[in-house]
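Next up, model_13.txt (compact mmCIF, C-alpha atoms):
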# COMPACT_ATOMS: atom_id res chain seq x y z
CA MET X 1 -3.49 -142.18 -143.24
CA LYS X 2 -3.56 -144.49 -140.20
CA ILE X 3 -1.00 -147.27 -140.42
CA TYR X 4 -0.57 -150.25 -138.10
CA ILE X 5 2.89 -151.88 -137.94
CA SER X 6 2.93 -155.43 -136.58
CA GLY X 7 6.18 -157.15 -135.64
CA CYS X 8 8.08 -158.73 -132.75
CA LYS X 9 10.31 -157.05 -130.18
CA GLU X 10 13.48 -158.52 -131.73
CA ASP X 11 12.79 -156.43 -134.85
CA ARG X 12 12.05 -153.24 -132.98
CA GLU X 13 14.90 -151.38 -134.73
CA TYR X 14 13.24 -151.90 -138.12
CA ILE X 15 9.83 -150.96 -136.74
CA GLU X 16 11.17 -147.67 -135.39
CA LYS X 17 12.91 -146.74 -138.68
CA ILE X 18 9.82 -147.51 -140.78
CA SER X 19 7.59 -145.71 -138.28
CA GLN X 20 9.74 -142.57 -138.34
CA ALA X 21 9.79 -142.51 -142.15
CA LEU X 22 6.00 -142.79 -142.22
CA LYS X 23 5.56 -140.06 -139.63
CA ASN X 24 7.83 -137.78 -141.67
CA GLU X 25 5.25 -138.14 -144.46
CA ALA X 26 2.45 -137.09 -142.06
CA HIS X 27 1.04 -140.59 -141.57
CA GLU X 28 -0.41 -141.61 -138.22
CA VAL X 29 1.41 -144.74 -137.05
CA PHE X 30 0.58 -147.32 -134.38
CA ASP X 31 2.92 -150.04 -133.15
CA LEU X 32 2.96 -152.12 -130.01
CA PHE X 33 6.19 -150.65 -128.66
CA SER X 34 5.83 -146.88 -128.97
CA SER X 35 2.08 -146.26 -129.19
CA ILE X 36 0.80 -148.07 -126.12
CA SER X 37 -0.26 -146.01 -123.12
CA ILE X 38 0.02 -147.53 -119.66
CA PHE X 39 -2.83 -145.32 -118.46
CA GLY X 40 -6.53 -145.64 -119.30
CA LYS X 41 -7.65 -148.52 -121.53
CA SER X 42 -6.06 -151.97 -121.30
CA ILE X 43 -3.31 -152.85 -123.77
CA HIS X 44 -5.55 -155.44 -125.43
CA LYS X 45 -8.31 -152.85 -125.93
CA GLN X 46 -5.83 -150.30 -127.33
CA VAL X 47 -4.58 -152.87 -129.86
CA LEU X 48 -8.10 -153.84 -130.93
CA ASP X 49 -9.12 -150.20 -131.34
CA ALA X 50 -5.98 -149.45 -133.38
CA ILE X 51 -6.68 -152.40 -135.68
CA LYS X 52 -10.26 -151.25 -136.24
CA GLU X 53 -9.23 -147.65 -136.96
CA SER X 54 -6.20 -148.34 -139.21
CA ASP X 55 -6.33 -148.01 -142.99
CA VAL X 56 -3.20 -150.00 -143.85
CA PHE X 57 -1.32 -152.78 -142.04
CA ILE X 58 2.38 -153.55 -142.35
CA PHE X 59 3.42 -157.07 -141.36
CA LEU X 60 7.15 -157.15 -140.53
CA ILE X 61 8.17 -160.70 -141.46
CA SER X 62 11.37 -162.20 -140.09
CA LYS X 63 12.66 -165.48 -138.72
CA ASN X 64 11.86 -164.06 -135.29
CA SER X 65 8.32 -162.83 -135.99
CA ILE X 66 7.04 -165.97 -137.72
CA CYS X 67 8.10 -167.97 -134.65
CA THR X 68 6.46 -165.56 -132.21
CA GLU X 69 3.03 -166.75 -131.12
CA TYR X 70 1.71 -163.27 -130.32
CA THR X 71 2.70 -161.83 -133.69
CA SER X 72 1.16 -164.74 -135.60
CA LYS X 73 -2.09 -164.33 -133.67
CA GLU X 74 -2.06 -160.58 -134.34
CA TRP X 75 -1.65 -161.11 -138.10
CA PHE X 76 -4.44 -163.65 -138.07
CA LEU X 77 -6.68 -161.24 -136.16
CA ILE X 78 -6.01 -158.49 -138.71
CA LEU X 79 -6.67 -160.82 -141.65
CA LEU X 80 -9.91 -161.99 -140.04
CA GLY X 81 -11.02 -158.39 -139.66
CA ASN X 82 -10.25 -157.62 -143.29
CA THR X 83 -13.79 -158.60 -144.30
CA SER X 84 -13.70 -156.58 -147.52
CA ASN X 85 -11.27 -159.22 -148.86
CA ARG X 86 -9.00 -156.43 -150.13
CA LYS X 87 -5.30 -157.15 -150.42
CA SER X 88 -4.05 -153.62 -151.01
CA ASN X 89 -4.30 -152.59 -147.36
CA ILE X 90 -1.94 -155.30 -146.11
CA ILE X 91 1.78 -154.94 -146.88
CA PRO X 92 4.05 -157.86 -145.95
CA VAL X 93 7.60 -156.55 -145.43
CA LEU X 94 10.40 -159.13 -145.37
CA ILE X 95 13.51 -158.12 -143.42
CA ASP X 96 15.59 -161.33 -143.67
CA GLN X 97 15.60 -164.75 -145.37
CA ALA X 98 12.47 -166.01 -143.57
CA LYS X 99 9.83 -167.91 -145.53
CA ILE X 100 6.66 -165.92 -146.11
CA PRO X 101 3.64 -167.68 -144.49
CA LYS X 102 1.46 -169.39 -147.08
CA TYR X 103 -1.61 -167.39 -146.08
CA LEU X 104 0.19 -164.23 -147.26
CA TYR X 105 0.89 -165.56 -150.75
CA GLY X 106 -0.76 -163.30 -153.30
CA TYR X 107 0.03 -160.13 -151.38
CA ASN X 108 2.62 -157.72 -152.77
CA CYS X 109 5.67 -158.23 -150.55
CA ILE X 110 8.35 -155.59 -150.06
CA TYR X 111 11.91 -156.75 -149.30
CA LEU X 112 14.11 -154.87 -146.84
CA HIS X 113 16.95 -157.34 -146.33
CA LYS X 114 18.80 -156.13 -149.44
CA SER X 115 18.40 -152.40 -148.89
CA LEU X 116 16.55 -150.81 -145.99
CA GLU X 117 16.36 -147.36 -147.60
CA ARG X 118 15.10 -148.69 -150.93
CA GLY X 119 12.50 -150.83 -149.14
CA ILE X 120 11.20 -147.85 -147.16
CA ARG X 121 10.93 -145.82 -150.38
CA LYS X 122 8.83 -148.63 -151.89
CA ILE X 123 6.53 -148.57 -148.86
CA LEU X 124 6.07 -144.80 -149.18
CA SER X 125 5.48 -145.08 -152.93
CA PHE X 126 2.92 -147.83 -152.36
CA LEU X 127 1.06 -145.70 -149.83
CA SER X 128 1.05 -142.66 -152.13
CA ASN X 129 -0.76 -144.74 -154.75
CA TYR X 130 -3.04 -146.44 -152.22
CA SER X 131 -6.22 -144.55 -153.17
CA HIS X 132 -5.80 -145.51 -156.83
CA ILE X 133 -5.23 -149.14 -155.87
CA GLN X 134 -8.46 -149.11 -153.84
CA GLU X 135 -10.44 -147.90 -156.85
CA ALA X 136 -8.90 -150.59 -159.03
CA GLU X 137 -9.86 -153.27 -156.55
CA LYS X 138 -13.47 -152.13 -156.53
CA ILE X 139 -13.82 -153.02 -160.20
CA LYS X 140 -11.64 -156.12 -160.10
CA VAL X 141 -13.59 -159.34 -160.73
CA THR X 142 -12.84 -162.90 -159.72
CA ARG X 143 -12.13 -163.94 -163.30
CA GLU X 144 -9.24 -161.45 -163.44
CA ASP X 145 -7.90 -162.70 -160.12
CA ASN X 146 -7.88 -166.23 -161.52
CA SER X 147 -5.97 -165.37 -164.72
CA LYS X 148 -2.52 -165.90 -163.20
CA PHE X 149 -3.52 -169.31 -161.83
CA ILE X 150 -5.00 -170.38 -165.17
CA SER X 151 -1.77 -169.39 -166.94
CA GLU X 152 0.25 -171.52 -164.50
CA LEU X 153 -2.06 -174.48 -165.08
CA SER X 154 -1.82 -174.00 -168.83
CA GLN X 155 1.97 -174.08 -168.63
CA ALA X 156 1.84 -177.26 -166.55
CA LEU X 157 -0.37 -178.83 -169.24
CA LYS X 158 2.10 -177.85 -171.99
CA ASN X 159 4.89 -179.42 -169.95
CA GLY X 160 2.94 -182.66 -169.56
CA LYS X 161 2.79 -182.15 -165.78
CA LEU X 162 -0.92 -181.51 -165.17
CA THR X 163 -3.08 -183.98 -163.24
CA LEU X 164 -6.83 -183.52 -162.79
CA VAL X 165 -8.20 -184.70 -159.44
CA SER X 166 -11.99 -184.97 -159.64
CA GLY X 167 -14.88 -185.74 -157.33
CA ALA X 168 -18.65 -186.15 -157.43
CA GLY X 169 -19.22 -182.54 -158.49
CA THR X 170 -17.90 -183.29 -161.98
CA SER X 171 -20.59 -185.85 -162.84
CA ILE X 172 -23.73 -184.76 -160.96
CA ALA X 173 -24.80 -182.54 -163.88
CA ALA X 174 -24.69 -185.63 -166.12
CA GLY X 175 -27.31 -187.34 -163.96
CA MET X 176 -25.17 -189.14 -161.40
CA PRO X 177 -26.70 -189.16 -157.90
CA SER X 178 -25.17 -186.95 -155.25
CA TRP X 179 -23.70 -188.58 -152.16
CA ASN X 180 -26.84 -187.87 -150.12
CA ASN X 181 -29.17 -189.19 -152.84
CA LEU X 182 -27.11 -192.36 -153.22
CA LEU X 183 -27.22 -192.89 -149.47
CA THR X 184 -31.00 -192.39 -149.39
CA ARG X 185 -31.53 -194.92 -152.19
CA LEU X 186 -29.25 -197.49 -150.57
CA THR X 187 -31.12 -197.07 -147.28
CA LYS X 188 -34.34 -197.84 -149.14
CA HIS X 189 -32.80 -201.04 -150.51
CA MET X 190 -31.74 -202.00 -147.00
CA ALA X 191 -35.30 -201.46 -145.71
CA GLU X 192 -36.71 -203.56 -148.53
CA ARG X 193 -34.32 -206.39 -147.71
CA LEU X 194 -35.19 -206.22 -144.01
CA SER X 195 -38.90 -206.16 -144.81
CA LYS X 196 -38.53 -209.16 -147.08
CA GLU X 197 -36.80 -211.08 -144.35
CA GLN X 198 -39.43 -209.84 -141.81
CA LYS X 199 -36.83 -208.30 -139.54
CA ASN X 200 -38.01 -204.72 -139.84
CA PRO X 201 -40.96 -203.95 -142.10
CA SER X 202 -40.85 -200.14 -141.80
CA LEU X 203 -38.66 -197.71 -143.79
CA GLU X 204 -40.04 -194.92 -141.60
CA ASN X 205 -38.78 -196.66 -138.45
CA LEU X 206 -35.39 -197.24 -140.05
CA ASN X 207 -35.01 -193.58 -141.02
CA HIS X 208 -36.10 -192.56 -137.53
CA PHE X 209 -33.40 -194.81 -136.03
CA ILE X 210 -30.74 -193.31 -138.33
CA GLU X 211 -31.74 -189.75 -137.46
CA GLU X 212 -31.95 -190.40 -133.72
CA SER X 213 -28.61 -192.22 -133.69
CA LYS X 214 -26.95 -189.34 -135.59
CA LEU X 215 -24.96 -191.86 -137.61
CA SER X 216 -22.10 -190.63 -139.73
CA PRO X 217 -22.47 -191.43 -143.45
CA LEU X 218 -19.58 -193.95 -143.29
CA ILE X 219 -21.20 -195.89 -140.43
CA ARG X 220 -24.57 -195.70 -142.16
CA VAL X 221 -23.08 -197.26 -145.30
CA LYS X 222 -21.46 -199.92 -143.14
CA TYR X 223 -24.89 -200.91 -141.80
CA ILE X 224 -26.26 -201.01 -145.34
CA LYS X 225 -23.37 -203.24 -146.35
CA TYR X 226 -24.19 -205.64 -143.49
CA ILE X 227 -27.74 -206.12 -144.75
CA LEU X 228 -27.22 -206.10 -148.53
CA ASP X 229 -24.14 -208.31 -148.23
CA ASN X 230 -23.21 -209.74 -151.66
CA ASP X 231 -25.68 -207.43 -153.43
CA PHE X 232 -24.08 -204.27 -151.99
CA THR X 233 -21.81 -203.42 -154.94
CA LYS X 234 -24.46 -204.44 -157.47
CA LYS X 235 -27.05 -202.11 -155.89
CA ILE X 236 -24.58 -199.23 -155.95
CA ARG X 237 -23.89 -199.72 -159.65
CA ASN X 238 -27.61 -199.92 -160.41
CA GLU X 239 -28.20 -196.62 -158.62
CA LEU X 240 -25.29 -194.91 -160.37
CA TYR X 241 -26.65 -195.59 -163.83
CA ILE X 242 -30.41 -195.80 -163.15
CA SER X 243 -31.12 -192.50 -164.92
CA ASN X 244 -28.88 -193.47 -167.87
CA PRO X 245 -26.36 -190.59 -167.43
CA LYS X 246 -24.23 -189.77 -170.48
CA THR X 247 -22.27 -186.55 -170.26
CA CYS X 248 -22.27 -182.92 -169.16
CA ASP X 249 -20.33 -179.74 -169.93
CA ILE X 250 -17.65 -180.45 -167.32
CA ILE X 251 -17.00 -183.98 -168.64
CA GLU X 252 -16.85 -182.69 -172.21
CA ALA X 253 -14.34 -180.03 -171.15
CA ILE X 254 -12.23 -182.73 -169.46
CA VAL X 255 -12.30 -184.74 -172.68
CA ASP X 256 -11.14 -181.69 -174.67
CA LEU X 257 -8.32 -181.15 -172.20
CA ALA X 258 -7.29 -184.80 -172.62
CA ARG X 259 -6.89 -184.58 -176.40
CA PRO X 260 -3.29 -185.12 -177.62
CA ARG X 261 -1.62 -181.84 -178.64
CA ARG X 262 0.75 -181.35 -181.54
CA GLU X 263 3.00 -178.62 -180.17
CA SER X 264 2.99 -179.57 -176.51
CA LYS X 265 2.56 -182.54 -174.19
CA SER X 266 -0.81 -183.88 -173.09
CA LEU X 267 -2.65 -184.19 -169.80
CA ASP X 268 -0.52 -186.42 -167.58
CA SER X 269 -3.32 -188.22 -165.75
CA ILE X 270 -6.72 -188.11 -164.09
CA ILE X 271 -7.29 -189.14 -160.48
CA THR X 272 -10.94 -189.62 -159.62
CA PHE X 273 -12.80 -190.47 -156.44
CA ASN X 274 -15.87 -191.44 -158.49
CA PHE X 275 -16.88 -195.02 -159.23
CA ASP X 276 -18.54 -194.30 -162.57
CA SER X 277 -17.19 -194.67 -166.11
CA LEU X 278 -18.61 -191.50 -167.69
CA VAL X 279 -15.21 -189.97 -168.45
CA GLU X 280 -14.00 -193.24 -169.99
CA GLU X 281 -17.13 -193.57 -172.13
CA ASN X 282 -16.72 -190.05 -173.50
CA LEU X 283 -13.00 -190.49 -174.14
CA GLU X 284 -13.77 -193.64 -176.10
CA LYS X 285 -16.44 -191.83 -178.08
CA ASN X 286 -13.80 -189.26 -179.06
CA ASN X 287 -11.16 -191.89 -179.94
CA ILE X 288 -8.84 -190.85 -177.11
CA LYS X 289 -6.81 -193.73 -175.72
CA TYR X 290 -7.07 -194.27 -171.97
CA LYS X 291 -6.59 -196.88 -169.27
CA ALA X 292 -8.84 -197.17 -166.23
CA ILE X 293 -6.70 -198.21 -163.25
CA TYR X 294 -8.50 -199.35 -160.12
CA MET X 295 -6.26 -201.87 -158.37
CA GLU X 296 -2.63 -202.53 -157.61
CA GLY X 297 -0.53 -203.85 -160.47
CA MET X 298 -2.50 -202.22 -163.30
CA ARG X 299 -0.41 -200.13 -165.70
CA SER X 300 -1.03 -197.85 -168.65
CA SER X 301 1.04 -197.64 -171.82
CA PRO X 302 2.78 -194.37 -172.85
CA LEU X 303 0.02 -193.78 -175.42
CA GLU X 304 -2.81 -194.18 -172.90
CA LEU X 305 -4.16 -191.56 -170.50
CA PRO X 306 -4.21 -193.21 -167.06
CA ILE X 307 -7.42 -192.69 -165.07
CA TYR X 308 -6.86 -193.74 -161.47
CA HIS X 309 -10.06 -194.71 -159.63
CA VAL X 310 -8.62 -194.48 -156.12
CA HIS X 311 -11.92 -195.38 -154.41
CA GLY X 312 -12.87 -198.15 -156.83
CA TYR X 313 -14.43 -198.56 -160.26
CA LEU X 314 -17.91 -199.69 -161.32
CA PRO X 315 -18.24 -199.41 -165.11
CA ARG X 316 -21.70 -199.35 -166.63
CA LYS X 317 -21.28 -202.76 -168.28
CA GLY X 318 -19.46 -205.97 -167.50
CA ARG X 319 -19.42 -208.49 -164.70
CA ILE X 320 -18.74 -207.30 -161.17
CA THR X 321 -15.88 -209.30 -159.65
CA LYS X 322 -13.90 -209.24 -156.41
CA ASN X 323 -11.57 -206.75 -158.11
CA ASN X 324 -14.36 -204.14 -158.16
CA LYS X 325 -13.68 -203.12 -154.57
CA ILE X 326 -15.00 -199.72 -153.60
CA VAL X 327 -14.19 -197.42 -150.70
CA LEU X 328 -17.51 -196.25 -149.32
CA SER X 329 -18.11 -197.71 -145.87
CA GLU X 330 -16.20 -197.09 -142.64
CA ASP X 331 -14.32 -200.39 -142.68
CA THR X 332 -12.97 -199.99 -146.23
CA TYR X 333 -12.14 -196.34 -145.58
CA HIS X 334 -10.13 -197.23 -142.46
CA ASN X 335 -8.18 -199.82 -144.46
CA LEU X 336 -7.20 -197.09 -146.90
CA PHE X 337 -6.39 -194.59 -144.16
CA ILE X 338 -4.09 -196.82 -142.12
CA ASP X 339 -2.16 -198.37 -145.03
CA PRO X 340 0.53 -195.88 -146.09
CA PHE X 341 1.63 -198.21 -148.89
CA SER X 342 -1.76 -198.74 -150.53
CA TRP X 343 -1.46 -198.22 -154.27
CA SER X 344 -4.03 -195.39 -154.26
CA ASN X 345 -2.21 -193.45 -151.52
CA LEU X 346 1.10 -193.88 -153.34
CA ILE X 347 -0.39 -192.68 -156.63
CA LEU X 348 -1.80 -189.55 -154.97
CA LEU X 349 1.48 -188.78 -153.19
CA ASN X 350 3.46 -189.32 -156.38
CA LYS X 351 1.33 -186.96 -158.45
CA LEU X 352 1.27 -184.36 -155.65
CA SER X 353 5.07 -184.50 -155.49
CA GLN X 354 5.85 -184.60 -159.22
CA ASN X 355 3.00 -182.75 -160.96
CA THR X 356 0.71 -179.75 -160.72
CA CYS X 357 -2.70 -181.00 -159.58
CA LEU X 358 -6.03 -179.30 -160.26
CA PHE X 359 -8.83 -180.33 -157.88
CA LEU X 360 -12.42 -179.94 -159.05
CA GLY X 361 -15.79 -181.20 -157.86
CA LEU X 362 -14.40 -181.99 -154.40
CA SER X 363 -15.57 -180.71 -151.02
CA MET X 364 -12.07 -181.29 -149.52
CA THR X 365 -13.51 -182.79 -146.33
CA ASP X 366 -12.07 -186.26 -146.96
CA PRO X 367 -9.59 -186.72 -144.06
CA ASN X 368 -7.37 -189.14 -145.99
CA LEU X 369 -7.02 -186.75 -148.93
CA ARG X 370 -6.28 -183.87 -146.57
CA ARG X 371 -3.67 -186.01 -144.80
CA LEU X 372 -1.94 -186.81 -148.10
CA LEU X 373 -2.01 -183.15 -149.16
CA ASP X 374 -0.50 -182.17 -145.82
CA ILE X 375 2.27 -184.78 -146.18
CA ALA X 376 3.11 -183.62 -149.70
CA ASN X 377 3.07 -179.99 -148.62
CA ARG X 378 5.40 -180.62 -145.66
CA ARG X 379 7.83 -182.40 -147.99
CA ASN X 380 7.80 -179.52 -150.46
CA PRO X 381 11.29 -177.96 -150.23
CA SER X 382 10.27 -174.71 -151.95
CA ASN X 383 7.39 -174.08 -149.50
CA SER X 384 5.33 -172.85 -152.48
CA LEU X 385 1.70 -173.47 -153.40
CA ASN X 386 2.02 -175.97 -156.26
CA HIS X 387 -1.57 -177.11 -156.65
CA PHE X 388 -4.97 -175.56 -157.37
CA ILE X 389 -8.60 -176.08 -156.44
CA ILE X 390 -11.70 -174.72 -158.16
CA LYS X 391 -14.10 -173.77 -155.39
CA ASP X 392 -17.57 -172.23 -155.53
CA LYS X 393 -18.20 -169.33 -153.16
CA PRO X 394 -20.70 -169.82 -150.34
CA GLN X 395 -23.92 -168.19 -151.49
CA ARG X 396 -24.21 -165.57 -148.75
CA ILE X 397 -20.82 -164.10 -149.64
CA ASN X 398 -22.17 -162.93 -152.99
CA LYS X 399 -24.85 -160.83 -151.28
CA LYS X 400 -23.10 -159.06 -148.42
CA GLU X 401 -19.66 -157.54 -148.38
CA GLU X 402 -19.31 -158.25 -144.64
CA ASP X 403 -19.73 -161.98 -145.28
CA ARG X 404 -16.23 -162.18 -146.84
CA LEU X 405 -14.81 -163.75 -143.69
CA PRO X 406 -15.58 -167.39 -144.72
CA LEU X 407 -13.62 -166.81 -147.94
CA PHE X 408 -10.52 -165.99 -145.95
CA LEU X 409 -10.92 -168.99 -143.64
CA ILE X 410 -11.47 -171.41 -146.54
CA GLU X 411 -8.59 -169.96 -148.54
CA ARG X 412 -6.18 -170.08 -145.61
CA ASP X 413 -7.14 -173.72 -144.95
CA PHE X 414 -6.40 -174.58 -148.58
CA ASN X 415 -3.11 -172.64 -148.46
CA GLU X 416 -1.99 -174.78 -145.52
CA LEU X 417 -2.61 -177.84 -147.72
CA GLY X 418 -0.53 -176.37 -150.57
CA LEU X 419 -3.51 -175.24 -152.67
CA ASN X 420 -4.22 -172.00 -154.53
CA THR X 421 -7.94 -171.22 -154.75
CA ILE X 422 -9.72 -170.42 -158.02
CA TRP X 423 -13.02 -168.92 -156.85
CA ILE X 424 -16.16 -169.30 -158.95
CA GLU X 425 -19.76 -168.21 -158.47
CA ASP X 426 -21.25 -171.35 -160.01
CA PHE X 427 -20.14 -174.82 -161.17
CA LYS X 428 -21.17 -173.79 -164.69
CA GLU X 429 -17.93 -171.77 -164.86
CA ILE X 430 -15.72 -174.87 -164.63
CA PRO X 431 -15.93 -175.87 -168.33
CA ASP X 432 -14.84 -172.37 -169.36
CA ILE X 433 -11.85 -172.50 -166.98
CA LEU X 434 -10.79 -175.91 -168.34
CA THR X 435 -11.12 -174.59 -171.90
CA ARG X 436 -8.94 -171.58 -171.07
CA ILE X 437 -6.31 -173.86 -169.55
CA GLY X 438 -6.22 -175.88 -172.77
CA ASN X 439 -6.15 -172.88 -175.11
CA GLU X 440 -3.72 -170.42 -173.49

Render the structure in this file as structure tokens.
Amino acid sequence: MKIYISGCKEDREYIEKISQALKNEAHEVFDLFSSISIFGKSIHKQVLDAIKESDVFIFLISKNSICTEYTSKEWFLILLGNTSNRKSNIIPVLIDQAKIPKYLYGYNCIYLHKSLERGIRKILSFLSNYSHIQEAEKIKVTREDNSKFISELSQALKNGKLTLVSGAGTSIAAGMPSWNNLLTRLTKHMAERLSKEQKNPSLENLNHFIEESKLSPLIRVKYIKYILDNDFTKKIRNELYISNPKTCDIIEAIVDLARPRRESKSLDSIITFNFDSLVEENLEKNNIKYKAIYMEGMRSSPLELPIYHVHGYLPRKGRITKNNKIVLSEDTYHNLFIDPFSWSNLILLNKLSQNTCLFLGLSMTDPNLRRLLDIANRRNPSNSLNHFIIKDKPQRINKKEEDRLPLFLIERDFNELGLNTIWIEDFKEIPDILTRIGNE
């Protein structure tokens, strides 16, 4: 078997001992210090060829190696090339008290700092069973991979420490417009207002201007807000409920998860980036006490499930007041981004620091949310992945094995934000996952 050992020069003694033990078992070993030839191909080409030809990779993790730029790049290069998304052919080996990089969480780590000989025996034992592990991975399905994460979420729920963080993806199936559809409809209202005031009679010309200007959605909404003025919030609410949305499987699963439990604690809270009141309406229908919180100073009682609308709240009924502020345009978004003490930012940071958060229906492109996740992750003393996101796989990945690369990139990005990834093929799987969390 061809084995590639990756580590830094400060740990060369460990590399040589592991290499010799592997060679004694008739393995072919490559490392940067003893396998490089100064004749013929360049060093870079020799390394690339060795990576392509190797069956198994050993990452020697130490306080030295994780601070070495070359080693980190080499590990990243190997992980990028591991397009089959298999984890059995990468063996992290820890030789001191260094923290394992987050992108290697989920891999079976072998520890050498307690006993070098015992650690080497574990490496040899692992390699002897490698072919059986490969076969097991071929039949492993995503649902099995997610079982451990679901168990952790279930335990957090029982401890009263689970917070759901939801986005537009949770309510689209109920009939709520997607972001793009809402933007298109608001643009139409803007064109109608301009036409009425004889400033610009053509929707076609307006759309052409938007496309040619390559406006970002936030700037586009800002323009709409200029024109609609006092009717801006009213038009948004009308468009949210125009198709009379009621519920969907995901919302019903959220309601089930929010039910008070006899033998354990209940869901701690819901944080939502949506403006709508669908979750509240369905909780009320099921006689579950809740409190919608959408501005500073609002509080829930111990018997109420707090639902924090961090981007604003537009319930189906009732008068729209100055308190119904929403974060949708560039100006309001910048206010939120630059104010570290805004109530919504503080709520998010508090739940990220104190609870286990499950993100669903979110694209994770919101820069303010990513900033808050990064802050919470940097302040995490355990350096562990405390939170979870349910993410649908890009469609092409399901068709071609060689398209696994985006999975790795997405997962590593989430790891750096402190998130474990629960992969799904379709949003229809989310209700089942929420049900399993509530029933385990």

Do you have the CA of Pro406 in chain X-CA of Asn420 in chain X distance handy?
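Interatomic distance, CA of Pro406 in chain X to CA of Asn420 in chain X: 15.7 Å.
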
Hey, can you check how far CA of Glu425 in chain X sits from CA of Asp392 in chain X?
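Rounded to one decimal, the two atoms are 5.4 Å apart.
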
With all atoms listed in the file as the basis for distance, which of X:Ser35, X:Thr356, X:Asn108, X:Asn286 is at the shortest distance from Leu164 in chain X?
X:Thr356

Pick the closest to Met190 in chain X from X:Leu60, X:Ile150, X:Ile236, X:Met364: which is it, counting all atoms listed in the file?
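Answer, going by the shortest atom-to-atom distance: X:Ile236.
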
Separating CA of Glu296 in chain X from CA of Leu417 in chain X, to the nearest tenth of an Å, is a gap of 26.6 Å

Within-9 Å shell of (11.6, -157.8, -140.8) in input frame, only C-alpha atoms, as a VMD selection string
chain X and resid 7 to 8 11 14 to 15 59 to 65 93 to 96 98 111 to 113

Counting only C-alpha atoms, which residues sit no farther than 8 Å from the position (-11.4, -169.6, -166.0) in the file's frame? I'd like them as a list in words.
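Residues lying no farther than 8 Å from the given point: Arg143, Asn146, Ser147, Ile150, Glu429, Ile430, Asp432, Ile433, Leu434, Thr435, Arg436 and Ile437 of chain X.
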
Give the answer as one residue: which of X:Ser300, X:Thr184, X:Thr272, X:Ser243 has the shortest atom-to-atom distance to Gly169 in chain X, using only C-alpha atoms?
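So, comparing all the options, the nearest one is X:Thr272.
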
Taking all atoms listed in the file into account, which of X:Ile227, X:Ile78, X:Ile3, X:Leu240 comes nearest Leu182 in chain X?
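With all atoms listed in the file as the atom set, the closest residue is X:Leu240.
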
Rank nothing, just name the residue among X:Glu440, X:Pro101, X:Pro302, X:Glu192 nearest to Asn383 in chain X, using all atoms listed in the file.
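Of X:Glu440, X:Pro101, X:Pro302, X:Glu192, the one nearest Asn383 in chain X is X:Pro101, counting all atoms listed in the file.
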